[in-house]
$ cat protein07.pdb   # PDB, C-alpha atoms
ATOM      1  CA  MET A   1     -94.701  93.542  89.048  1.00  0.00           C
ATOM      2  CA  VAL A   2     -97.429  91.829  87.083  1.00  0.00           C
ATOM      3  CA  PHE A   3     -96.581  88.862  84.887  1.00  0.00           C
ATOM      4  CA  ARG A   4     -98.125  88.681  81.468  1.00  0.00           C
ATOM      5  CA  ARG A   5     -97.842  86.396  78.470  1.00  0.00           C
ATOM      6  CA  GLY A   6     -94.216  86.123  77.356  1.00  0.00           C
ATOM      7  CA  ALA A   7     -92.792  86.445  73.876  1.00  0.00           C
ATOM      8  CA  LEU A   8     -92.799  83.513  71.496  1.00  0.00           C
ATOM      9  CA  VAL A   9     -89.466  81.934  70.657  1.00  0.00           C
ATOM     10  CA  ALA A  10     -88.495  81.095  67.092  1.00  0.00           C
ATOM     11  CA  SER A  11     -89.463  77.555  66.178  1.00  0.00           C
ATOM     12  CA  ASP A  12     -91.840  75.698  63.878  1.00  0.00           C
ATOM     13  CA  THR A  13     -95.400  76.875  63.617  1.00  0.00           C
ATOM     14  CA  ARG A  14     -97.798  73.956  63.828  1.00  0.00           C
ATOM     15  CA  TRP A  15    -101.409  73.278  64.511  1.00  0.00           C
ATOM     16  CA  THR A  16    -102.039  72.541  68.182  1.00  0.00           C
ATOM     17  CA  PRO A  17    -105.324  71.752  69.909  1.00  0.00           C
ATOM     18  CA  ILE A  18    -105.615  75.457  70.758  1.00  0.00           C
ATOM     19  CA  GLY A  19    -104.765  76.775  67.272  1.00  0.00           C
ATOM     20  CA  HIS A  20    -101.663  77.730  65.318  1.00  0.00           C
ATOM     21  CA  GLN A  21     -98.759  78.361  67.684  1.00  0.00           C
ATOM     22  CA  ARG A  22     -95.045  78.092  67.733  1.00  0.00           C
ATOM     23  CA  VAL A  23     -94.025  74.723  69.124  1.00  0.00           C
ATOM     24  CA  THR A  24     -90.764  73.766  70.828  1.00  0.00           C
ATOM     25  CA  GLU A  25     -88.742  70.667  70.040  1.00  0.00           C
ATOM     26  CA  LYS A  26     -90.533  68.868  72.872  1.00  0.00           C
ATOM     27  CA  GLY A  27     -93.865  69.662  71.282  1.00  0.00           C
ATOM     28  CA  TRP A  28     -95.110  72.129  73.903  1.00  0.00           C
ATOM     29  CA  ALA A  29     -96.869  75.210  72.722  1.00  0.00           C
ATOM     30  CA  VAL A  30     -94.631  78.069  73.818  1.00  0.00           C
ATOM     31  CA  ALA A  31     -97.441  80.599  74.075  1.00  0.00           C
ATOM     32  CA  GLU A  32     -99.349  78.237  76.346  1.00  0.00           C
ATOM     33  CA  ASN A  33     -96.264  77.629  78.509  1.00  0.00           C
ATOM     34  CA  GLN A  34     -95.609  81.344  78.810  1.00  0.00           C
ATOM     35  CA  GLN A  35     -99.217  81.947  79.807  1.00  0.00           C
ATOM     36  CA  LEU A  36     -99.043  79.184  82.414  1.00  0.00           C
ATOM     37  CA  ILE A  37     -95.814  80.637  83.807  1.00  0.00           C
ATOM     38  CA  ALA A  38     -97.449  84.070  84.010  1.00  0.00           C
ATOM     39  CA  ASP A  39    -100.487  82.552  85.743  1.00  0.00           C
ATOM     40  CA  ILE A  40     -98.305  80.689  88.257  1.00  0.00           C
ATOM     41  CA  MET A  41     -96.258  83.809  89.024  1.00  0.00           C
ATOM     42  CA  ALA A  42     -99.403  85.898  89.484  1.00  0.00           C
ATOM     43  CA  THR A  43    -100.857  83.285  91.843  1.00  0.00           C
ATOM     44  CA  GLN A  44     -97.611  83.196  93.821  1.00  0.00           C
ATOM     45  CA  GLN A  45     -97.708  86.983  94.155  1.00  0.00           C
ATOM     46  CA  LEU A  46    -101.260  86.805  95.506  1.00  0.00           C
ATOM     47  CA  LEU A  47    -100.236  84.095  97.974  1.00  0.00           C
ATOM     48  CA  GLN A  48     -97.252  86.152  99.157  1.00  0.00           C
ATOM     49  CA  ALA A  49     -99.497  89.189  99.575  1.00  0.00           C
ATOM     50  CA  ARG A  50    -101.917  87.186 101.734  1.00  0.00           C
ATOM     51  CA  PHE A  51     -99.068  85.932 103.923  1.00  0.00           C
ATOM     52  CA  GLY A  52     -97.550  89.413 104.074  1.00  0.00           C
ATOM     53  CA  TYR A  53    -100.595  90.997 105.724  1.00  0.00           C
ATOM     54  CA  ASP A  54    -100.189  88.985 108.933  1.00  0.00           C
ATOM     55  CA  ARG A  55     -98.926  91.598 111.398  1.00  0.00           C
ATOM     56  CA  ALA A  56     -98.524  88.917 114.084  1.00  0.00           C
ATOM     57  CA  ASP A  57     -95.527  87.657 112.093  1.00  0.00           C
ATOM     58  CA  PRO A  58     -92.321  87.906 114.169  1.00  0.00           C
ATOM     59  CA  LEU A  59     -90.685  89.750 111.279  1.00  0.00           C
ATOM     60  CA  PHE A  60     -93.024  92.715 111.798  1.00  0.00           C
ATOM     61  CA  SER A  61     -92.837  92.691 115.582  1.00  0.00           C
ATOM     62  CA  SER A  62     -89.025  92.544 115.698  1.00  0.00           C
ATOM     63  CA  HIS A  63     -88.455  96.248 114.838  1.00  0.00           C
ATOM     64  CA  LEU A  64     -85.260  95.390 112.979  1.00  0.00           C
ATOM     65  CA  THR A  65     -83.939  97.391 110.065  1.00  0.00           C
ATOM     66  CA  LEU A  66     -83.416  95.519 106.814  1.00  0.00           C
ATOM     67  CA  SER A  67     -79.644  95.725 107.320  1.00  0.00           C
ATOM     68  CA  GLN A  68     -79.906  94.286 110.822  1.00  0.00           C
ATOM     69  CA  LEU A  69     -82.122  91.480 109.536  1.00  0.00           C
ATOM     70  CA  LYS A  70     -79.562  90.706 106.827  1.00  0.00           C
ATOM     71  CA  ILE A  71     -76.844  90.455 109.479  1.00  0.00           C
ATOM     72  CA  LEU A  72     -78.899  88.048 111.578  1.00  0.00           C
ATOM     73  CA  MET A  73     -79.802  85.928 108.553  1.00  0.00           C
ATOM     74  CA  LEU A  74     -76.168  85.696 107.420  1.00  0.00           C
ATOM     75  CA  LEU A  75     -75.052  84.720 110.902  1.00  0.00           C
ATOM     76  CA  ALA A  76     -77.815  82.115 111.098  1.00  0.00           C
ATOM     77  CA  GLN A  77     -76.655  80.667 107.788  1.00  0.00           C
ATOM     78  CA  HIS A  78     -72.868  80.858 108.267  1.00  0.00           C
ATOM     79  CA  GLY A  79     -72.373  80.866 112.031  1.00  0.00           C
ATOM     80  CA  SER A  80     -70.124  83.412 113.698  1.00  0.00           C
ATOM     81  CA  MET A  81     -68.080  85.479 111.267  1.00  0.00           C
ATOM     82  CA  PRO A  82     -65.179  87.904 111.485  1.00  0.00           C
ATOM     83  CA  GLY A  83     -66.427  91.488 111.286  1.00  0.00           C
ATOM     84  CA  GLY A  84     -64.466  92.209 108.114  1.00  0.00           C
ATOM     85  CA  GLU A  85     -65.887  89.193 106.319  1.00  0.00           C
ATOM     86  CA  LEU A  86     -69.412  90.089 107.404  1.00  0.00           C
ATOM     87  CA  ALA A  87     -68.923  93.669 106.157  1.00  0.00           C
ATOM     88  CA  ARG A  88     -67.624  92.432 102.775  1.00  0.00           C
ATOM     89  CA  THR A  89     -70.536  89.996 102.443  1.00  0.00           C
ATOM     90  CA  LEU A  90     -72.986  92.825 103.099  1.00  0.00           C
ATOM     91  CA  GLY A  91     -71.103  95.224 100.825  1.00  0.00           C
ATOM     92  CA  ILE A  92     -70.600  97.849 103.536  1.00  0.00           C
ATOM     93  CA  GLY A  93     -67.655  99.309 105.434  1.00  0.00           C
ATOM     94  CA  LEU A  94     -66.477  98.230 108.867  1.00  0.00           C
ATOM     95  CA  ALA A  95     -67.587 101.545 110.411  1.00  0.00           C
ATOM     96  CA  ALA A  96     -71.155 101.086 109.153  1.00  0.00           C
ATOM     97  CA  LEU A  97     -71.175  97.467 110.304  1.00  0.00           C
ATOM     98  CA  SER A  98     -69.894  98.443 113.729  1.00  0.00           C
ATOM     99  CA  GLY A  99     -72.875 100.742 114.373  1.00  0.00           C
ATOM    100  CA  MET A 100     -75.371  98.117 113.259  1.00  0.00           C
ATOM    101  CA  VAL A 101     -73.713  95.433 115.367  1.00  0.00           C
ATOM    102  CA  ASP A 102     -73.644  97.789 118.381  1.00  0.00           C
ATOM    103  CA  ARG A 103     -77.431  98.138 118.174  1.00  0.00           C
ATOM    104  CA  LEU A 104     -77.858  94.362 117.811  1.00  0.00           C
ATOM    105  CA  VAL A 105     -75.595  93.779 120.834  1.00  0.00           C
ATOM    106  CA  VAL A 106     -77.732  96.168 122.915  1.00  0.00           C
ATOM    107  CA  GLN A 107     -80.841  94.180 121.891  1.00  0.00           C
ATOM    108  CA  ASP A 108     -79.009  90.946 122.855  1.00  0.00           C
ATOM    109  CA  PHE A 109     -79.269  89.479 119.342  1.00  0.00           C
ATOM    110  CA  VAL A 110     -75.514  89.201 118.654  1.00  0.00           C
ATOM    111  CA  THR A 111     -72.238  89.046 120.529  1.00  0.00           C
ATOM    112  CA  ARG A 112     -68.721  90.151 119.701  1.00  0.00           C
ATOM    113  CA  THR A 113     -65.973  87.783 120.724  1.00  0.00           C
ATOM    114  CA  GLU A 114     -62.243  87.570 120.198  1.00  0.00           C
ATOM    115  CA  ASP A 115     -61.097  85.184 117.468  1.00  0.00           C
ATOM    116  CA  LEU A 116     -59.267  82.241 119.052  1.00  0.00           C
ATOM    117  CA  HIS A 117     -56.518  82.346 116.399  1.00  0.00           C
ATOM    118  CA  ASP A 118     -56.099  86.120 115.977  1.00  0.00           C
ATOM    119  CA  ARG A 119     -56.867  88.438 118.882  1.00  0.00           C
ATOM    120  CA  ARG A 120     -57.100  91.427 116.517  1.00  0.00           C
ATOM    121  CA  VAL A 121     -60.189  89.913 114.869  1.00  0.00           C
ATOM    122  CA  ARG A 122     -63.640  90.277 116.415  1.00  0.00           C
ATOM    123  CA  ARG A 123     -66.141  87.581 115.530  1.00  0.00           C
ATOM    124  CA  ILE A 124     -69.828  88.395 115.389  1.00  0.00           C
ATOM    125  CA  GLY A 125     -72.217  85.619 116.384  1.00  0.00           C
ATOM    126  CA  LEU A 126     -75.853  85.115 117.256  1.00  0.00           C
ATOM    127  CA  THR A 127     -76.972  84.919 120.863  1.00  0.00           C
ATOM    128  CA  LYS A 128     -79.678  82.480 121.931  1.00  0.00           C
ATOM    129  CA  GLN A 129     -82.181  85.319 121.626  1.00  0.00           C
ATOM    130  CA  GLY A 130     -80.942  86.179 118.114  1.00  0.00           C
ATOM    131  CA  SER A 131     -81.121  82.531 117.044  1.00  0.00           C
ATOM    132  CA  ALA A 132     -84.621  82.243 118.490  1.00  0.00           C
ATOM    133  CA  LEU A 133     -85.778  85.374 116.638  1.00  0.00           C
ATOM    134  CA  ILE A 134     -84.488  84.129 113.275  1.00  0.00           C
ATOM    135  CA  ALA A 135     -85.967  80.678 113.907  1.00  0.00           C
ATOM    136  CA  ASN A 136     -89.343  82.273 114.743  1.00  0.00           C
ATOM    137  CA  ILE A 137     -89.251  84.360 111.557  1.00  0.00           C
ATOM    138  CA  PHE A 138     -88.445  81.330 109.405  1.00  0.00           C
ATOM    139  CA  ASN A 139     -90.866  79.046 111.241  1.00  0.00           C
ATOM    140  CA  ALA A 140     -93.718  81.562 111.008  1.00  0.00           C
ATOM    141  CA  GLY A 141     -93.779  81.090 107.241  1.00  0.00           C
ATOM    142  CA  GLU A 142     -93.503  77.340 107.677  1.00  0.00           C
ATOM    143  CA  GLU A 143     -96.454  77.278 110.060  1.00  0.00           C
ATOM    144  CA  LYS A 144     -98.541  79.384 107.674  1.00  0.00           C
ATOM    145  CA  MET A 145     -97.728  77.004 104.838  1.00  0.00           C
ATOM    146  CA  ARG A 146     -98.519  73.966 106.997  1.00  0.00           C
ATOM    147  CA  THR A 147    -101.898  75.472 107.920  1.00  0.00           C
ATOM    148  CA  LEU A 148    -102.634  76.250 104.295  1.00  0.00           C
ATOM    149  CA  LEU A 149    -101.618  72.759 103.137  1.00  0.00           C
ATOM    150  CA  SER A 150    -103.784  71.159 105.823  1.00  0.00           C
ATOM    151  CA  ARG A 151    -106.830  72.604 104.039  1.00  0.00           C
ATOM    152  CA  LEU A 152    -106.111  70.541 100.902  1.00  0.00           C
ATOM    153  CA  SER A 153    -107.314  67.033 100.115  1.00  0.00           C
ATOM    154  CA  ALA A 154    -104.901  64.116  99.824  1.00  0.00           C
ATOM    155  CA  GLU A 155    -105.151  64.306  96.037  1.00  0.00           C
ATOM    156  CA  GLU A 156    -104.411  68.036  96.025  1.00  0.00           C
ATOM    157  CA  LEU A 157    -101.485  67.514  98.393  1.00  0.00           C
ATOM    158  CA  GLY A 158    -100.103  64.923  95.986  1.00  0.00           C
ATOM    159  CA  LEU A 159    -100.235  67.471  93.158  1.00  0.00           C
ATOM    160  CA  VAL A 160     -98.514  70.121  95.266  1.00  0.00           C
ATOM    161  CA  ASP A 161     -95.856  67.584  96.280  1.00  0.00           C
ATOM    162  CA  GLN A 162     -95.206  66.673  92.646  1.00  0.00           C
ATOM    163  CA  ALA A 163     -95.029  70.342  91.630  1.00  0.00           C
ATOM    164  CA  MET A 164     -92.596  71.197  94.432  1.00  0.00           C
ATOM    165  CA  LYS A 165     -90.343  68.283  93.474  1.00  0.00           C
ATOM    166  CA  LEU A 166     -90.412  69.386  89.837  1.00  0.00           C
ATOM    167  CA  LEU A 167     -89.391  72.906  90.868  1.00  0.00           C
ATOM    168  CA  LEU A 168     -86.609  71.555  93.086  1.00  0.00           C
ATOM    169  CA  ASN A 169     -85.307  69.367  90.264  1.00  0.00           C
ATOM    170  CA  ALA A 170     -85.408  72.297  87.813  1.00  0.00           C
ATOM    171  CA  ALA A 171     -83.553  74.525  90.285  1.00  0.00           C
ATOM    172  CA  SER A 172     -80.989  71.792  91.001  1.00  0.00           C
ATOM    173  CA  SER A 173     -80.292  71.158  87.318  1.00  0.00           C
ATOM    174  CA  SER A 174     -79.806  74.881  86.672  1.00  0.00           C
ATOM    175  CA  GLY A 175     -77.476  75.300  89.660  1.00  0.00           C
ATOM    176  CA  GLU A 176     -79.861  77.664  91.497  1.00  0.00           C
ATOM    177  CA  ALA A 177     -80.464  75.505  94.549  1.00  0.00           C
TER
END

$ encode --input "protein07.pdb" --output "structure tokens"
Amino acid sequence: MVFRRGALVASDTRWTPIGHQRVTEKGWAVAENQQLIADIMATQQLLQARFGYDRADPLFSSHLTLSQLKILMLLAQHGSMPGGELARTLGIGLAALSGMVDRLVVQDFVTRTEDLHDRRVRRIGLTKQGSALIANIFNAGEEKMRTLLSRLSAEELGLVDQAMKLLLNAASSSGEA
């Protein structure tokens, strides 16, 4: 997907330093904002593409299917889960989950254990090897970002820090983070 200039929203048309444009209540030129957003999104796509070509990334060397990766990521986030709950979260049936979990058990990424409160329930949890794999996948991106950031000057790092905090605040105020 390529991001391009967005549509203008209805508002007052006023003279701005870059010509006649629609201006929001805060005084920002909407066309300029939309262009900046498109530029930022395009730059992020290029950055993701550069990171994505690293075949040394543990994600590429793990030989996991997308469904298996989803299982490991959910377990890393939520801890051990009953099989039924994991299947519902993934939007699949218990039979489909069972086959995927079987393959992950064989690879020593997950275990099945009896629930302490209900022996009929099997809990699925990460093994040490499964936890290490997910940590390596997550940390690989972190290490790439750390290496990239280390190439910036102190002033540039300050700008990136401010931008990241602005994004976090925007996500927090919209309930997305």

$ closest_residue --input "protein07.pdb" --among "A:Val105, A:Ala95, A:Leu46, A:Val121" --to "A:Met81" --atoms "only C-alpha atoms"
A:Val121

$ axis_aligned_box --input "protein07.pdb" --around "stretch 91-110 of chain A" --padding-each-side "4 Å" --output "AutoDock Vina command-line options"
--center_x -73.7 --center_y 95.4 --center_z 111.9 --size_x 22.4 --size_y 20.3 --size_z 30.1

$ residues_around --input "protein07.pdb" --residues "A:Gln129" --least-positions-apart "3" --cutoff "12 Å" --atoms "all atoms listed in the file" --output "number ranges by chain"
A: 62, 72, 76, 104-111, 125-126, 132-136

$ write_last_selection --input "protein07.pdb" --atoms "C-alpha atoms" --output "CSV table (one decimal), in the frame of the given file"
chain,number,residue,atom,x,y,z
A,62,SER,CA,-89.0,92.5,115.7
A,72,LEU,CA,-78.9,88.0,111.6
A,76,ALA,CA,-77.8,82.1,111.1
A,104,LEU,CA,-77.9,94.4,117.8
A,105,VAL,CA,-75.6,93.8,120.8
A,106,VAL,CA,-77.7,96.2,122.9
A,107,GLN,CA,-80.8,94.2,121.9
A,108,ASP,CA,-79.0,90.9,122.9
A,109,PHE,CA,-79.3,89.5,119.3
A,110,VAL,CA,-75.5,89.2,118.7
A,111,THR,CA,-72.2,89.0,120.5
A,125,GLY,CA,-72.2,85.6,116.4
A,126,LEU,CA,-75.9,85.1,117.3
A,132,ALA,CA,-84.6,82.2,118.5
A,133,LEU,CA,-85.8,85.4,116.6
A,134,ILE,CA,-84.5,84.1,113.3
A,135,ALA,CA,-86.0,80.7,113.9
A,136,ASN,CA,-89.3,82.3,114.7

$ residues_around --input "protein07.pdb" --residues "A:Gly99" --least-positions-apart "6" --cutoff "12 Å" --atoms "only C-alpha atoms" --output "JSON, numbers by chain"
{"A": [67, 68, 83, 87, 92, 93, 105, 106]}

$ residues_near_point --input "protein07.pdb" --point "(-64.4, 92.4, 113.7)" --cutoff "8 Å" --atoms "only C-alpha atoms" --output "list in words"
Pro82, Gly83, Gly84, Leu94, Arg112, Arg120, Val121, Arg122, Arg123 and Ile124 of chain A

$ residues_around --input "protein07.pdb" --residues "A:Asp57" --least-positions-apart "4" --cutoff "10 Å" --atoms "only C-alpha atoms" --output "list in words"
Phe51, Gly52, Tyr53, Ser61, Ser62, Asn136, Ile137, Phe138, Asn139, Ala140, Gly141 and Lys144 of chain A

$ atom_distance --input "protein07.pdb" --atom1 "atom CA of A:Leu47" --atom2 "atom CA of A:Leu74"
25.9 Å

$ atom_distance --input "protein07.pdb" --atom1 "atom CA of A:Ser131" --atom2 "atom CA of A:Gln77"
10.4 Å

$ atom_distance --input "protein07.pdb" --atom1 "atom CA of A:Ala96" --atom2 "atom CA of A:Leu64"
15.7 Å
